[in-house]
$ cat data_0.cif   # mmCIF, C-alpha atoms
data_input
#
loop_
_atom_site.label_atom_id
_atom_site.label_comp_id
_atom_site.auth_asym_id
_atom_site.auth_seq_id
_atom_site.Cartn_x
_atom_site.Cartn_y
_atom_site.Cartn_z
CA GLN A 1 0.00 0.00 0.00
CA VAL A 2 1.15 3.54 -0.67
CA GLN A 3 -0.12 7.08 -0.15
CA LEU A 4 0.53 9.76 -2.75
CA VAL A 5 0.50 13.44 -1.84
CA GLU A 6 0.49 16.10 -4.54
CA SER A 7 1.48 19.74 -4.18
CA GLY A 8 2.21 22.74 -6.35
CA GLY A 9 -1.08 23.51 -8.04
CA GLY A 10 -2.57 26.98 -8.23
CA LEU A 11 -3.77 29.81 -10.41
CA VAL A 12 -1.56 31.06 -13.21
CA GLN A 13 -1.99 33.21 -16.29
CA ALA A 14 -1.76 31.72 -19.75
CA GLY A 15 1.86 31.36 -20.78
CA GLY A 16 2.97 30.87 -17.21
CA SER A 17 4.57 27.92 -15.46
CA LEU A 18 3.89 25.65 -12.53
CA ARG A 19 5.72 22.72 -10.99
CA LEU A 20 3.77 19.88 -9.43
CA ALA A 21 5.28 17.39 -7.00
CA CYS A 22 4.01 14.02 -5.82
CA GLU A 23 5.61 12.32 -2.85
CA ALA A 24 5.00 8.64 -2.17
CA SER A 25 4.82 7.33 1.38
CA ARG A 26 7.30 4.60 0.61
CA ARG A 27 9.88 3.68 -1.99
CA ILE A 28 8.53 2.74 -5.40
CA PHE A 29 10.72 0.33 -7.34
CA SER A 30 12.36 2.41 -10.02
CA LEU A 31 11.11 0.29 -12.93
CA ILE A 32 7.47 0.82 -11.93
CA PRO A 33 5.98 3.72 -13.87
CA MET A 34 4.69 6.72 -12.00
CA GLY A 35 2.56 9.24 -13.75
CA TRP A 36 0.35 12.28 -13.81
CA TYR A 37 -3.25 12.33 -14.97
CA ARG A 38 -5.72 15.19 -15.15
CA GLN A 39 -9.45 15.60 -15.16
CA ALA A 40 -11.33 18.67 -16.26
CA PRO A 41 -15.01 19.20 -15.40
CA GLY A 42 -17.20 17.04 -17.61
CA ASN A 43 -14.22 15.16 -19.03
CA GLN A 44 -12.71 11.75 -18.39
CA ARG A 45 -9.45 11.44 -16.53
CA GLU A 46 -6.59 11.38 -19.02
CA LEU A 47 -2.91 10.54 -18.92
CA VAL A 48 -0.65 13.58 -19.03
CA ALA A 49 2.75 11.90 -18.66
CA ASP A 50 4.47 8.97 -17.04
CA ILE A 51 8.05 7.97 -16.33
CA VAL A 52 10.15 4.92 -15.62
CA SER A 53 13.57 5.31 -14.10
CA GLY A 54 16.24 5.62 -16.72
CA GLY A 55 14.54 8.51 -18.42
CA ARG A 56 11.91 6.64 -20.39
CA THR A 57 8.89 8.93 -20.61
CA ASN A 58 5.53 9.12 -22.29
CA TYR A 59 3.49 12.29 -22.91
CA ALA A 60 0.05 13.13 -24.14
CA ASP A 61 0.24 14.85 -27.53
CA SER A 62 -1.41 17.95 -26.07
CA VAL A 63 1.47 18.59 -23.64
CA LYS A 64 4.51 17.47 -25.64
CA GLY A 65 7.16 20.18 -25.72
CA ARG A 66 5.53 22.08 -22.85
CA PHE A 67 5.52 19.65 -19.91
CA THR A 68 8.41 17.67 -18.47
CA ILE A 69 8.08 14.77 -16.06
CA SER A 70 10.97 13.79 -13.82
CA ARG A 71 11.58 11.49 -10.91
CA ASP A 72 13.78 11.51 -7.84
CA ASN A 73 13.85 7.95 -6.53
CA ALA A 74 15.85 8.93 -3.45
CA LYS A 75 12.98 11.24 -2.42
CA ASN A 76 10.18 8.95 -3.63
CA THR A 77 8.95 11.93 -5.61
CA VAL A 78 7.80 12.54 -9.16
CA TYR A 79 7.55 16.04 -10.62
CA LEU A 80 5.68 17.66 -13.47
CA GLN A 81 7.15 20.90 -14.78
CA MET A 82 4.50 22.70 -16.80
CA THR A 83 5.39 25.63 -19.05
CA SER A 84 3.53 27.68 -21.65
CA LEU A 85 0.32 26.84 -19.85
CA LYS A 86 -2.96 27.22 -21.69
CA PRO A 87 -6.51 27.66 -20.39
CA GLU A 88 -7.27 24.15 -21.67
CA ASP A 89 -4.71 22.78 -19.19
CA THR A 90 -7.10 23.73 -16.39
CA ALA A 91 -7.94 20.57 -14.46
CA VAL A 92 -7.36 18.63 -11.29
CA TYR A 93 -4.04 16.85 -11.62
CA TYR A 94 -3.58 13.45 -10.01
CA CYS A 95 -0.50 11.42 -9.29
CA HIS A 96 -0.76 7.69 -10.06
CA VAL A 97 1.07 4.44 -9.51
CA ARG A 98 -0.03 0.86 -10.07
CA LEU A 99 1.24 -1.72 -7.57
CA ALA A 100 0.28 -5.40 -7.46
CA ASP A 101 -2.55 -4.82 -9.92
CA LYS A 102 -4.03 -2.03 -7.82
CA ASP A 103 -4.23 1.62 -8.81
CA TYR A 104 -3.23 4.26 -6.28
CA TRP A 105 -4.14 7.92 -6.68
CA GLY A 106 -3.30 11.09 -4.86
CA GLN A 107 -5.97 13.48 -3.66
CA GLY A 108 -5.42 15.76 -6.63
CA THR A 109 -4.22 19.32 -6.99
CA GLN A 110 -6.11 22.03 -8.86
CA VAL A 111 -4.41 23.84 -11.72
CA THR A 112 -6.27 26.82 -13.13
CA VAL A 113 -4.96 28.76 -16.12
CA SER A 114 -6.60 32.10 -16.81
CA SER A 115 -6.70 33.63 -20.26
#
$ encode --input "data_0.cif" --output "structure tokens"
Amino acid sequence: QVQLVESGGGLVQAGGSLRLACEASRRIFSLIPMGWYRQAPGNQRELVADIVSGGRTNYADSVKGRFTISRDNAKNTVYLQMTSLKPEDTAVYYCHVRLADKDYWGQGTQVTVSS
């Protein structure tokens, strides 16, 4: 079992930047992907990015070139650096990890981008 705690959300103007962090309550084996999802009102939750140790990453087409996911295994933390933010990036962002065929989610952090 693991708890995930996100931080770093907030209100930002279009074109601005935010950095999200997600700290796990215990060590996650480095080869297990950790990721960020988001859910806007009325929409399904969607994958934003995920990462496996060693630098292998995967991004949604809508954020490629603007968002960067990184991971610090020593701190049990995964980050999402978001730049050139757009109003359509407004959503609740969730950290995710799948362990032993069970999905774990953080409580979510709100990101609001004003135009």
$ residues_around --input "data_0.cif" --residues "range 50-61 of chain A" --least-positions-apart "4" --cutoff "6 Å" --atoms "all atoms listed in the file" --output "compact mmCIF listing (two decimals) with C-alpha atoms, keeping the file's coordinate frame"
# COMPACT_ATOMS: atom_id res chain seq x y z
CA SER A 30 12.36 2.41 -10.02
CA LEU A 31 11.11 0.29 -12.93
CA PRO A 33 5.98 3.72 -13.87
CA MET A 34 4.69 6.72 -12.00
CA GLY A 35 2.56 9.24 -13.75
$ closest_residue --input "data_0.cif" --among "A:Ser84, A:Thr109, A:Ser114, A:Thr90" --to "Trp36 in chain A" --atoms "all atoms listed in the file"
A:Thr109
$ residues_around --input "data_0.cif" --residues "Arg45 in chain A" --least-positions-apart "4" --cutoff "10 Å" --atoms "only C-alpha atoms" --output "ChimeraX atom specification"
/A:37-41,91-94
$ residues_around --input "data_0.cif" --residues "Val78 in chain A" --least-positions-apart "2" --cutoff "6 Å" --atoms "all atoms listed in the file" --output "PDB file with C-alpha atoms, keeping the file's coordinate frame"
ATOM      1  CA  ALA A  21       5.280  17.390  -7.000  1.00  0.00           C
ATOM      2  CA  CYS A  22       4.010  14.020  -5.820  1.00  0.00           C
ATOM      3  CA  SER A  70      10.970  13.790 -13.820  1.00  0.00           C
ATOM      4  CA  ARG A  71      11.580  11.490 -10.910  1.00  0.00           C
TER       5      ARG A  71
END
$ atom_distance --input "data_0.cif" --atom1 "CA of Cys95 in chain A" --atom2 "CA of Tyr79 in chain A"
9.4 Å
$ residues_near_point --input "data_0.cif" --point "(4.2, 18.4, -13.6)" --cutoff "7 Å" --atoms "only C-alpha atoms" --output "VMD selection string"
chain A and resid 19 to 21 67 to 69 79 to 82
$ write_last_selection --input "data_0.cif" --atoms "C-alpha atoms" --output "PDB file, keeping the file's coordinate frame"
ATOM      1  CA  ARG A  19       5.720  22.720 -10.990  1.00  0.00           C
ATOM      2  CA  LEU A  20       3.770  19.880  -9.430  1.00  0.00           C
ATOM      3  CA  ALA A  21       5.280  17.390  -7.000  1.00  0.00           C
ATOM      4  CA  PHE A  67       5.520  19.650 -19.910  1.00  0.00           C
ATOM      5  CA  THR A  68       8.410  17.670 -18.470  1.00  0.00           C
ATOM      6  CA  ILE A  69       8.080  14.770 -16.060  1.00  0.00           C
ATOM      7  CA  TYR A  79       7.550  16.040 -10.620  1.00  0.00           C
ATOM      8  CA  LEU A  80       5.680  17.660 -13.470  1.00  0.00           C
ATOM      9  CA  GLN A  81       7.150  20.900 -14.780  1.00  0.00           C
ATOM     10  CA  MET A  82       4.500  22.700 -16.800  1.00  0.00           C
TER      11      MET A  82
END
$ atom_distance --input "data_0.cif" --atom1 "CA of Thr112 in chain A" --atom2 "CA of Arg98 in chain A"
26.9 Å
$ closest_residue --input "data_0.cif" --among "A:Trp105, A:Val111, A:Gln44, A:Asn73" --to "Glu88 in chain A" --atoms "all atoms listed in the file"
A:Val111
$ resolve_selection --input "data_0.cif" --expression "the PyMOL selection byres ((chain A and resi 106) around 7)" --output "ChimeraX atom specification"
/A:3-6,94-96,104-105,107-108
$ atom_distance --input "data_0.cif" --atom1 "CA of Phe29 in chain A" --atom2 "CA of Val2 in chain A"
12.1 Å
$ closest_residue --input "data_0.cif" --among "A:Thr83, A:Gln1, A:Gln110, A:Asn43" --to "Ser17 in chain A" --atoms "only C-alpha atoms"
A:Thr83
$ closest_residue --input "data_0.cif" --among "A:Asp89, A:Gly42, A:Arg27, A:Val97" --to "Gly9 in chain A" --atoms "all atoms listed in the file"
A:Asp89
$ closest_residue --input "data_0.cif" --among "A:Val12, A:Val113, A:Ala100, A:Val48" --to "Val63 in chain A" --atoms "only C-alpha atoms"
A:Val48
